[in-house]
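Containing compact mmCIF, C-alpha atoms: final.txt.
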```txt
# COMPACT_ATOMS: atom_id res chain seq x y z
CA MET P 1 33.68 -29.24 104.73
CA THR P 2 31.43 -26.18 104.68
CA THR P 3 29.59 -25.94 101.39
CA ASP P 4 27.98 -22.81 99.95
CA PRO P 5 24.42 -23.79 98.94
CA LYS P 6 24.74 -21.35 96.04
CA ALA P 7 27.79 -23.20 94.68
CA SER P 8 28.11 -26.39 92.64
CA TRP P 9 30.89 -28.56 91.28
CA THR P 10 32.02 -27.13 87.96
CA ALA P 11 34.74 -28.20 85.52
CA ALA P 12 37.78 -25.93 85.81
CA PHE P 13 40.31 -28.03 83.91
CA ARG P 14 39.90 -30.87 81.46
CA SER P 15 42.25 -33.22 79.63
CA ALA P 16 40.69 -35.54 77.04
CA VAL P 17 42.35 -38.96 76.97
CA VAL P 18 43.02 -41.68 74.42
CA SER P 19 43.88 -45.36 74.46
CA PRO P 20 47.46 -46.62 74.13
CA HIS P 21 46.11 -49.72 72.38
CA GLU P 22 45.01 -48.12 69.09
CA ASP P 23 46.29 -49.19 65.68
CA ILE P 24 47.40 -45.69 64.69
CA ASP P 25 50.51 -44.88 66.72
CA LEU P 26 51.41 -41.17 66.55
CA PHE P 27 52.47 -40.43 70.13
CA GLU P 28 54.75 -41.85 72.81
CA LEU P 29 53.16 -44.80 74.60
CA ARG P 30 54.43 -45.69 78.03
CA GLY P 31 53.73 -46.88 81.54
CA PHE P 32 55.39 -46.39 84.92
CA ALA P 33 56.75 -48.61 87.67
CA GLY P 34 58.24 -47.55 91.01
CA GLN P 35 58.05 -43.90 89.98
CA THR P 36 56.53 -40.60 91.03
CA VAL P 37 54.85 -38.65 88.25
CA ARG P 38 54.32 -34.91 88.77
CA GLN P 39 52.11 -33.11 86.25
CA ILE P 40 51.22 -29.43 86.00
CA LEU P 41 47.58 -28.40 85.64
CA ARG P 42 46.54 -24.80 84.92
CA LEU P 43 43.03 -23.91 86.02
CA ASP P 44 40.64 -22.21 83.59
CA GLY P 45 38.35 -21.10 86.43
CA GLY P 46 38.27 -20.77 90.18
CA GLY P 47 36.24 -21.71 93.23
CA GLU P 48 36.30 -22.35 96.96
CA ALA P 49 37.41 -26.01 96.79
CA VAL P 50 38.69 -28.53 94.27
CA ARG P 51 38.38 -32.21 93.46
CA VAL P 52 40.62 -34.26 91.15
CA ARG P 53 39.56 -36.75 88.47
CA LEU P 54 41.83 -39.73 87.74
CA THR P 55 41.35 -42.30 85.01
CA ASN P 56 42.22 -45.87 84.13
CA ARG P 57 39.73 -45.88 81.27
CA TYR P 58 41.94 -47.82 78.86
CA GLY P 59 44.00 -49.75 81.38
CA LYS P 60 44.12 -53.54 81.12
CA GLU P 61 44.64 -54.00 84.87
CA PRO P 62 43.64 -52.13 88.04
CA LEU P 63 45.82 -49.05 88.62
CA HIS P 64 47.38 -48.95 92.10
CA ILE P 65 48.25 -45.45 93.27
CA GLY P 66 50.26 -45.44 96.48
CA GLY P 67 49.62 -41.77 97.16
CA ALA P 68 48.62 -38.50 95.52
CA ARG P 69 49.48 -34.94 96.50
CA LEU P 70 48.29 -31.59 95.20
CA ALA P 71 50.34 -28.41 95.59
CA ARG P 72 50.80 -24.97 94.16
CA ARG P 73 53.41 -25.04 91.43
CA THR P 74 56.28 -22.53 91.44
CA GLU P 75 58.41 -23.23 88.37
CA GLY P 76 59.59 -26.35 86.62
CA SER P 77 58.76 -29.29 88.88
CA GLY P 78 58.87 -27.13 92.00
CA ILE P 79 56.04 -26.69 94.49
CA ALA P 80 55.37 -23.90 96.97
CA SER P 81 56.34 -24.60 100.55
CA GLY P 82 53.35 -25.35 102.77
CA SER P 83 50.93 -25.80 99.87
CA ASP P 84 51.23 -29.59 99.59
CA VAL P 85 48.12 -31.58 100.63
CA PRO P 86 47.07 -35.21 100.24
CA VAL P 87 44.46 -36.16 97.64
CA ARG P 88 42.15 -38.79 99.12
CA PHE P 89 39.60 -41.03 97.46
CA GLY P 90 36.91 -42.33 99.78
CA GLY P 91 39.10 -41.21 102.66
CA ALA P 92 42.07 -43.30 101.50
CA GLU P 93 45.49 -42.01 100.48
CA ASP P 94 46.48 -45.40 99.02
CA PHE P 95 43.87 -46.54 96.50
CA THR P 96 43.19 -48.40 93.25
CA VAL P 97 41.44 -47.26 90.08
CA PRO P 98 39.66 -50.26 88.53
CA ASP P 99 40.48 -51.01 84.91
CA GLY P 100 38.06 -49.23 82.59
CA GLU P 101 36.95 -46.73 85.23
CA GLU P 102 37.51 -43.20 86.53
CA ILE P 103 37.35 -41.88 90.08
CA VAL P 104 36.75 -38.48 91.66
CA SER P 105 38.62 -37.38 94.78
CA ASP P 106 37.23 -36.17 98.06
CA PRO P 107 36.90 -32.36 98.14
CA ILE P 108 40.01 -30.37 98.99
CA GLU P 109 39.20 -27.08 100.70
CA GLY P 110 40.95 -23.87 99.70
CA ALA P 111 40.18 -21.14 97.21
CA VAL P 112 41.72 -21.27 93.75
CA ALA P 113 41.50 -18.85 90.84
CA ALA P 114 41.68 -18.92 87.06
CA GLY P 115 45.29 -19.17 85.96
CA ASP P 116 46.50 -20.93 89.11
CA GLU P 117 49.01 -23.68 88.37
CA LEU P 118 48.73 -26.82 90.46
CA ALA P 119 51.16 -29.73 90.60
CA LEU P 120 49.57 -33.17 90.99
CA SER P 121 52.02 -35.87 92.09
CA LEU P 122 51.18 -39.58 91.85
CA TRP P 123 53.25 -42.36 93.46
CA LEU P 124 53.03 -45.44 91.22
CA PRO P 125 54.73 -48.28 93.10
CA GLU P 126 53.83 -51.08 90.65
CA ASP P 127 53.92 -51.53 86.89
CA THR P 128 50.97 -49.58 85.51
CA GLY P 129 51.03 -51.09 82.03
CA LEU P 130 50.54 -48.72 79.13
CA SER P 131 48.75 -45.67 80.47
CA THR P 132 45.57 -43.88 79.52
CA TYR P 133 46.97 -40.57 78.32
CA SER P 134 46.47 -37.15 76.77
CA ALA P 135 48.47 -36.79 73.58
CA VAL P 136 49.45 -33.11 73.31
CA PRO P 137 48.91 -31.35 76.64
CA LEU P 138 51.69 -28.84 75.84
CA ARG P 139 52.63 -28.83 79.50
CA THR P 140 55.82 -30.57 80.61
CA GLY P 141 55.40 -33.31 83.20
CA TYR P 142 58.05 -35.11 85.23
CA ALA P 143 58.77 -38.67 86.36
CA VAL P 144 61.43 -39.77 88.84
CA PRO P 145 62.34 -43.10 90.47
CA GLY P 146 60.95 -43.79 93.92
CA ASN P 147 58.43 -42.06 96.16
CA ALA P 148 59.02 -38.32 95.78
CA LEU P 149 55.46 -37.18 96.50
CA THR P 150 56.48 -34.44 98.92
CA ALA P 151 59.77 -33.42 97.31
CA PRO P 152 59.89 -29.60 96.94
CA THR P 153 61.32 -30.12 93.47
CA LEU P 154 62.13 -33.09 91.28
CA ASP P 155 64.88 -31.20 89.48
CA GLY P 156 68.24 -32.78 90.05
CA ILE P 157 66.90 -36.19 91.08
CA GLU P 158 68.85 -38.91 89.28
CA GLY P 159 66.78 -40.52 86.56
CA ILE P 160 64.35 -37.63 86.11
CA GLU P 161 62.37 -37.74 82.85
CA GLU P 162 60.43 -34.97 81.18
CA LEU P 163 57.05 -36.03 79.81
CA ALA P 164 55.44 -34.54 76.71
CA THR P 165 52.24 -36.54 77.27
CA ARG P 166 49.88 -36.39 80.27
CA HIS P 167 48.86 -39.53 82.15
CA PHE P 168 45.92 -40.74 84.27
CA ILE P 169 44.28 -37.30 84.62
CA THR P 170 40.98 -36.14 83.11
CA GLY P 171 40.25 -33.02 85.08
CA ILE P 172 39.80 -30.81 88.10
CA ASP P 173 36.45 -29.50 89.31
CA VAL P 174 35.95 -26.45 91.51
CA LEU P 175 33.14 -25.43 93.80
CA ALA P 176 31.93 -22.36 91.91
CA PRO P 177 28.77 -20.21 91.93
CA ARG P 178 25.80 -22.02 90.40
CA ALA P 179 25.03 -21.10 86.78
CA THR P 180 28.64 -20.16 86.02
CA PRO P 181 28.75 -20.41 82.20
CA VAL P 182 31.27 -23.01 81.05
CA ALA P 183 32.05 -23.77 77.41
CA VAL P 184 33.67 -27.01 76.32
CA ALA P 185 36.07 -26.72 73.37
CA PHE P 186 35.28 -30.08 71.83
CA GLY P 187 37.34 -31.10 68.83
CA ASP P 188 40.76 -31.88 67.45
CA SER P 189 44.30 -30.48 67.46
CA TRP P 190 43.10 -26.96 66.69
CA PHE P 191 41.62 -26.98 70.18
CA GLU P 192 44.19 -29.16 71.95
CA GLY P 193 46.84 -26.73 70.71
CA THR P 194 49.29 -28.62 68.49
CA GLY P 195 51.64 -26.09 66.87
CA THR P 196 51.63 -23.58 69.72
CA THR P 197 54.56 -23.12 72.09
CA PRO P 198 54.67 -25.65 74.96
CA ASP P 199 54.42 -24.40 78.55
CA THR P 200 53.14 -20.95 77.51
CA ASP P 201 49.34 -21.44 77.49
CA HIS P 202 48.95 -20.06 73.98
CA ARG P 203 46.34 -22.54 72.83
CA PHE P 204 43.07 -21.29 71.37
CA PRO P 205 41.00 -22.02 74.53
CA ASP P 206 43.61 -20.33 76.75
CA LEU P 207 43.56 -17.16 74.66
CA LEU P 208 39.78 -17.20 74.45
CA ASN P 209 39.74 -17.32 78.25
CA GLU P 210 41.99 -14.26 78.31
CA ARG P 211 39.41 -12.40 76.23
CA LEU P 212 36.57 -13.53 78.49
CA ARG P 213 38.38 -12.39 81.63
CA ALA P 214 39.28 -9.06 80.04
CA VAL P 215 35.59 -8.20 79.56
CA GLY P 216 34.57 -9.41 83.01
CA HIS P 217 32.86 -12.59 81.83
CA THR P 218 32.19 -14.82 84.83
CA GLY P 219 32.66 -18.10 82.97
CA TRP P 220 35.43 -19.88 81.10
CA VAL P 221 36.34 -22.49 78.48
CA VAL P 222 37.75 -25.94 79.21
CA ASN P 223 39.75 -27.82 76.58
CA GLN P 224 38.56 -31.24 75.38
CA GLY P 225 40.54 -31.32 72.13
CA ILE P 226 42.30 -34.48 70.97
CA SER P 227 44.96 -34.10 68.30
CA ALA P 228 44.22 -36.25 65.21
CA ASN P 229 40.67 -36.89 66.45
CA ARG P 230 37.89 -37.37 63.91
CA LEU P 231 34.16 -36.74 63.82
CA LEU P 232 33.08 -39.99 62.17
CA THR P 233 35.88 -42.53 62.67
CA ASP P 234 37.75 -43.82 65.72
CA GLU P 235 41.48 -43.18 66.21
CA ILE P 236 43.09 -41.11 67.45
CA GLY P 237 40.61 -41.33 70.36
CA GLN P 238 36.97 -42.26 70.05
CA HIS P 239 35.31 -40.30 67.25
CA GLY P 240 33.44 -37.13 68.13
CA LEU P 241 29.97 -38.61 67.92
CA ALA P 242 30.99 -41.42 70.28
CA ARG P 243 32.71 -39.27 72.90
CA LEU P 244 30.29 -36.35 72.89
CA ASP P 245 28.42 -37.36 76.03
CA ARG P 246 31.45 -38.12 78.17
CA ASP P 247 33.72 -35.30 77.00
CA ALA P 248 31.16 -32.53 76.54
CA LEU P 249 27.54 -33.08 77.58
CA ASP P 250 28.40 -34.71 80.93
CA VAL P 251 31.04 -32.14 81.91
CA PRO P 252 29.90 -30.54 85.21
CA GLY P 253 28.56 -27.03 84.67
CA VAL P 254 28.70 -27.07 80.87
CA THR P 255 26.45 -24.52 79.18
CA HIS P 256 28.03 -24.21 75.70
CA VAL P 257 29.86 -26.57 73.34
CA LEU P 258 32.26 -25.29 70.67
CA VAL P 259 32.90 -27.79 67.89
CA HIS P 260 35.85 -28.18 65.51
CA PHE P 261 36.14 -31.37 63.48
CA GLY P 262 36.62 -32.47 59.88
CA LEU P 263 40.31 -31.97 59.18
CA ASN P 264 41.33 -35.47 60.18
CA ASP P 265 38.30 -37.12 58.61
CA LEU P 266 39.52 -35.67 55.31
CA GLY P 267 43.27 -36.01 55.80
CA ILE P 268 44.09 -39.12 57.81
CA PRO P 269 42.77 -41.64 55.25
CA GLY P 270 45.18 -40.39 52.59
CA GLN P 271 48.03 -39.98 55.05
CA GLU P 272 47.65 -43.53 56.34
CA ALA P 273 47.34 -45.01 52.83
CA TYR P 274 50.06 -42.88 51.20
CA PRO P 275 51.27 -43.20 48.49
CA GLN P 276 47.99 -44.90 47.61
CA ALA P 277 44.77 -42.93 47.39
CA ALA P 278 42.09 -43.49 50.02
CA PRO P 279 38.36 -42.74 50.14
CA ILE P 280 37.30 -39.77 52.23
CA PRO P 281 33.82 -38.97 53.57
CA PRO P 282 31.66 -36.83 51.29
CA ALA P 283 30.43 -33.47 52.50
CA GLU P 284 26.99 -34.98 53.11
CA ASP P 285 28.38 -37.42 55.67
CA LEU P 286 30.27 -34.74 57.57
CA ILE P 287 27.26 -32.43 57.52
CA ALA P 288 25.10 -35.24 58.88
CA GLY P 289 27.65 -35.78 61.65
CA PHE P 290 27.77 -32.09 62.54
CA THR P 291 23.97 -31.98 62.53
CA ALA P 292 23.81 -34.96 64.89
CA LEU P 293 26.21 -33.19 67.25
CA ALA P 294 24.11 -30.03 67.23
CA ASP P 295 20.89 -31.97 67.81
CA ARG P 296 22.34 -33.82 70.80
CA ILE P 297 23.84 -30.63 72.26
CA HIS P 298 20.46 -28.91 71.96
CA ALA P 299 18.66 -31.92 73.44
CA ALA P 300 20.89 -31.53 76.51
CA GLY P 301 19.72 -27.91 76.84
CA LEU P 302 23.07 -26.44 75.79
CA THR P 303 24.20 -23.83 73.26
CA ALA P 304 25.98 -25.23 70.17
CA VAL P 305 28.69 -23.16 68.48
CA ALA P 306 30.29 -24.46 65.28
CA THR P 307 33.66 -23.47 63.88
CA THR P 308 34.68 -23.76 60.25
CA VAL P 309 37.15 -26.44 59.18
CA GLY P 310 40.64 -24.98 59.16
CA PRO P 311 42.71 -24.71 55.97
CA PHE P 312 45.15 -27.53 55.24
CA LYS P 313 46.23 -27.26 51.60
CA ASP P 314 49.99 -27.79 51.14
CA THR P 315 50.52 -29.39 54.54
CA ILE P 316 53.84 -31.20 54.79
CA PHE P 317 52.16 -34.48 55.82
CA GLU P 318 52.23 -36.63 52.70
CA GLY P 319 48.85 -37.77 51.48
CA TYR P 320 46.92 -35.63 53.97
CA SER P 321 45.87 -32.80 51.68
CA THR P 322 44.11 -33.78 48.46
CA PRO P 323 42.09 -31.68 46.01
CA GLU P 324 39.06 -33.79 46.90
CA GLY P 325 39.50 -33.20 50.63
CA VAL P 326 40.01 -29.47 50.20
CA ALA P 327 36.85 -29.29 48.08
CA VAL P 328 34.82 -31.14 50.74
CA ALA P 329 36.11 -28.76 53.43
CA ARG P 330 34.89 -25.82 51.34
CA GLN P 331 31.43 -27.41 51.02
CA VAL P 332 31.20 -28.08 54.76
CA ASN P 333 32.32 -24.55 55.59
CA ASP P 334 29.74 -23.05 53.24
CA TRP P 335 27.10 -25.06 55.10
CA ILE P 336 28.37 -23.95 58.54
CA ARG P 337 28.22 -20.33 57.40
CA GLY P 338 24.78 -20.75 55.80
CA ALA P 339 21.20 -20.58 56.96
CA ASP P 340 20.72 -24.37 56.97
CA SER P 341 23.17 -24.97 59.82
CA PRO P 342 21.40 -25.90 63.07
CA TYR P 343 24.09 -24.30 65.24
CA ASP P 344 23.25 -21.29 67.40
CA ALA P 345 26.36 -19.44 66.22
CA TYR P 346 29.62 -20.08 64.42
CA ALA P 347 33.18 -18.80 64.52
CA ASP P 348 34.93 -18.61 61.18
CA LEU P 349 38.28 -20.05 62.21
CA ALA P 350 39.18 -20.91 58.62
CA ALA P 351 38.81 -17.30 57.46
CA ALA P 352 40.67 -16.00 60.52
CA VAL P 353 43.96 -17.69 59.56
CA ALA P 354 43.62 -18.28 55.80
CA ASP P 355 45.97 -16.82 53.22
CA PRO P 356 43.81 -14.26 51.36
CA ALA P 357 45.63 -15.11 48.13
CA ASP P 358 44.91 -18.84 48.60
CA PRO P 359 42.19 -19.38 51.24
CA ASP P 360 42.65 -23.16 51.29
CA ARG P 361 46.03 -22.80 52.99
CA ILE P 362 47.14 -21.22 56.29
CA HIS P 363 48.71 -17.77 56.00
CA ASP P 364 52.47 -17.86 56.54
CA ASP P 365 52.18 -15.54 59.54
CA TYR P 366 49.92 -18.04 61.30
CA ASP P 367 51.49 -21.32 60.15
CA SER P 368 53.30 -23.42 62.77
CA GLY P 369 55.51 -24.73 59.98
CA ASP P 370 53.59 -27.82 58.96
CA GLY P 371 50.76 -26.24 56.98
CA LEU P 372 48.18 -27.97 59.19
CA HIS P 373 48.43 -26.32 62.60
CA VAL P 374 48.58 -22.68 63.68
CA ASN P 375 51.32 -21.05 65.72
CA ASP P 376 50.83 -18.75 68.71
CA ALA P 377 49.81 -15.82 66.53
CA GLY P 378 47.38 -18.07 64.69
CA ALA P 379 45.83 -19.25 67.94
CA ARG P 380 45.36 -15.61 68.90
CA ALA P 381 43.59 -14.99 65.60
CA LEU P 382 41.34 -17.99 66.26
CA ALA P 383 40.41 -16.70 69.71
CA ASP P 384 39.75 -13.23 68.31
CA ALA P 385 37.37 -14.74 65.74
CA VAL P 386 34.87 -15.84 68.40
CA ASP P 387 31.96 -13.51 69.12
CA LEU P 388 31.93 -13.45 72.91
CA ALA P 389 28.20 -12.82 72.86
CA ALA P 390 27.80 -16.43 71.70
CA LEU P 391 29.22 -17.57 75.06
CA LYS P 392 26.91 -15.59 77.31
CA ALA P 393 24.85 -17.47 79.85
```
The structure in this file should be written as structure tokens.
Amino acid sequence: MTTDPKASWTAAFRSAVVSPHEDIDLFELRGFAGQTVRQILRLDGGGEAVRVRLTNRYGKEPLHIGGARLARRTEGSGIASGSDVPVRFGGAEDFTVPDGEEIVSDPIEGAVAAGDELALSLWLPEDTGLSTYSAVPLRTGYAVPGNALTAPTLDGIEGIEELATRHFITGIDVLAPRATPVAVAFGDSWFEGTGTTPDTDHRFPDLLNERLRAVGHTGWVVNQGISANRLLTDEIGQHGLARLDRDALDVPGVTHVLVHFGLNDLGIPGQEAYPQAAPIPPAEDLIAGFTALADRIHAAGLTAVATTVGPFKDTIFEGYSTPEGVAVARQVNDWIRGADSPYDAYADLAAAVADPADPDRIHDDYDSGDGLHVNDAGARALADAVDLAALKA
């Protein structure tokens, strides 16, 4: 293919993945056999060509993929006529992803733009075992029996399933102008989007991208949030300090990293132990973790942007919110807002959605209904709380 020497491969869509073999089991775990899986991917940025990233990171056996196709999505599981192309890996349309590994496709020529919706179809002829997956993609996927790679729609096929989780995909890169500023939203459910309306792209990173496009910013934000993820402790997903390199620093084209952690470090211990009490990390431990993140982001030559820990008092999840945990969150947030923080900038997400009469809880207008996650209006408030100047190249 013809390559612009002024362009480079840049992340335009990301989907952070977790293992189906963890002890904490919050999400549907599944595999596939003799099925076609079609999943919808919305691009955060555009370029003159694309390449697809597939994963078998947590698979116990090699993953055989009998074919992969990429197309423009119309609606539901439908694809636009004439847009369907094969996705090859090392020139092959039938290929295997070794257990524990990820692979990147050959380039696929053709311009794409921010907001384009692509449908990636995978033919999985053999039992995959439990799949490496993304927990809360908030984008409906589809699985049907048999090889339906080129079917114009999967709707109406007998045995069709709708998928709430995403499988075997970690991202799409685009060939974009060099030095395009790309921010990675690296954190937990407040970035992944739990609580916002599925299939509407109302997550915090999506709405922040809307703001960036509205002011003519040439870059974008990709989403590497994992719901229930923690900064200091594994499950759900590797903890933030462990996955920083792979899910943020090594992302092609990254220039900025936005960080949101702490909620699950403070809440999951009590939730898992309920009705017993459980120890939670002191503010000093979380601050040390946040400092280590900032130091490593800076060492990679990137801009580090912190966000305050969101409010969670009165959440419906039993054992999650404790007076001790709420007090630690206040201490950490005071540090993030203060002069001692090593971050280049911060966005006060907690203040953006807090109830002024009780700042430790989410305002009713922004509450998804569980007291822990924001709704669409809350995600808009989070996006509006970011100073766009902090994301300049």
Practice task
For CA of Ile172 (chain P) and CA of Arg14 (chain P), quote the distance in Å rounded to one decimal.
Solution key: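 According to the coordinates, CA of Ile172 (chain P) and CA of Arg14 (chain P) are separated by 6.6 Å.
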Give me, as a PDB file with C-alpha atoms, keeping the file's coordinate frame, all polymer residues having an atom no more than 10 Å from Ile103 (chain P), counting all atoms listed in the file and skipping those fewer than 4 positions away in the same chain.
```
ATOM      1  CA  VAL P  52      40.620 -34.260  91.150  1.00  0.00           C
ATOM      2  CA  ARG P  53      39.560 -36.750  88.470  1.00  0.00           C
ATOM      3  CA  LEU P  54      41.830 -39.730  87.740  1.00  0.00           C
ATOM      4  CA  THR P  55      41.350 -42.300  85.010  1.00  0.00           C
ATOM      5  CA  ASN P  56      42.220 -45.870  84.130  1.00  0.00           C
ATOM      6  CA  ARG P  57      39.730 -45.880  81.270  1.00  0.00           C
ATOM      7  CA  PHE P  89      39.600 -41.030  97.460  1.00  0.00           C
ATOM      8  CA  GLY P  90      36.910 -42.330  99.780  1.00  0.00           C
ATOM      9  CA  THR P  96      43.190 -48.400  93.250  1.00  0.00           C
ATOM     10  CA  VAL P  97      41.440 -47.260  90.080  1.00  0.00           C
ATOM     11  CA  PRO P  98      39.660 -50.260  88.530  1.00  0.00           C
ATOM     12  CA  ILE P 169      44.280 -37.300  84.620  1.00  0.00           C
ATOM     13  CA  THR P 170      40.980 -36.140  83.110  1.00  0.00           C
TER      14      THR P 170
END
```
Practice task
Return the single residue from P:Lys392, P:Arg330, P:Arg178, P:His217 that is closest to Ala7 (chain P), with distances computed using only C-alpha atoms.
Solution key: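 Counting only C-alpha atoms, the residue closest to Ala7 (chain P) is P:Arg178.
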Exercise for the section: Would you mind listing what lies within 8 Å of Gly219 (chain P) as a PyMOL selection string, with only C-alpha atoms counted and same-chain residues fewer than 6 positions away left out? Expected result: chain P and resi 45+180-183+212
Problem - For Asp25 (chain P), the nearest of the candidates P:Pro359, P:Gly378, P:Gly237, P:Gly325, counting only C-alpha atoms - result: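 Answer, going by the shortest atom-to-atom distance: P:Gly237.
When CA of Ala345 (chain P) is paired with CA of Asp387 (chain P), their separation reads 8.7 Å.
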Practice task
Identify, on the basis of only C-alpha atoms, every residue whose closest approach to Pro279 (chain P) does not exceed 10 Å; exclude the query and any residue fewer than 6 positions from it along the same chain; express the result as a VMD selection string.
Solution key: chain P and resid 266 269 to 270 273 324 to 325
Just to be explicit: take each residue in the selection above, keep C-alpha atoms, and write the result as a compact mmCIF listing (two decimals), in the frame of the given file.
```txt
# COMPACT_ATOMS: atom_id res chain seq x y z
CA LEU P 266 39.52 -35.67 55.31
CA PRO P 269 42.77 -41.64 55.25
CA GLY P 270 45.18 -40.39 52.59
CA ALA P 273 47.34 -45.01 52.83
CA GLU P 324 39.06 -33.79 46.90
CA GLY P 325 39.50 -33.20 50.63
```
Practice task
Kindly indicate which residue among P:Ala351, P:Leu149, P:Leu207, P:Val174 lies nearest to Glu48 (chain P), using all atoms listed in the file for the distances.
Solution key: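 Once distances to Glu48 (chain P) are computed over all atoms listed in the file, the minimum belongs to P:Val174.
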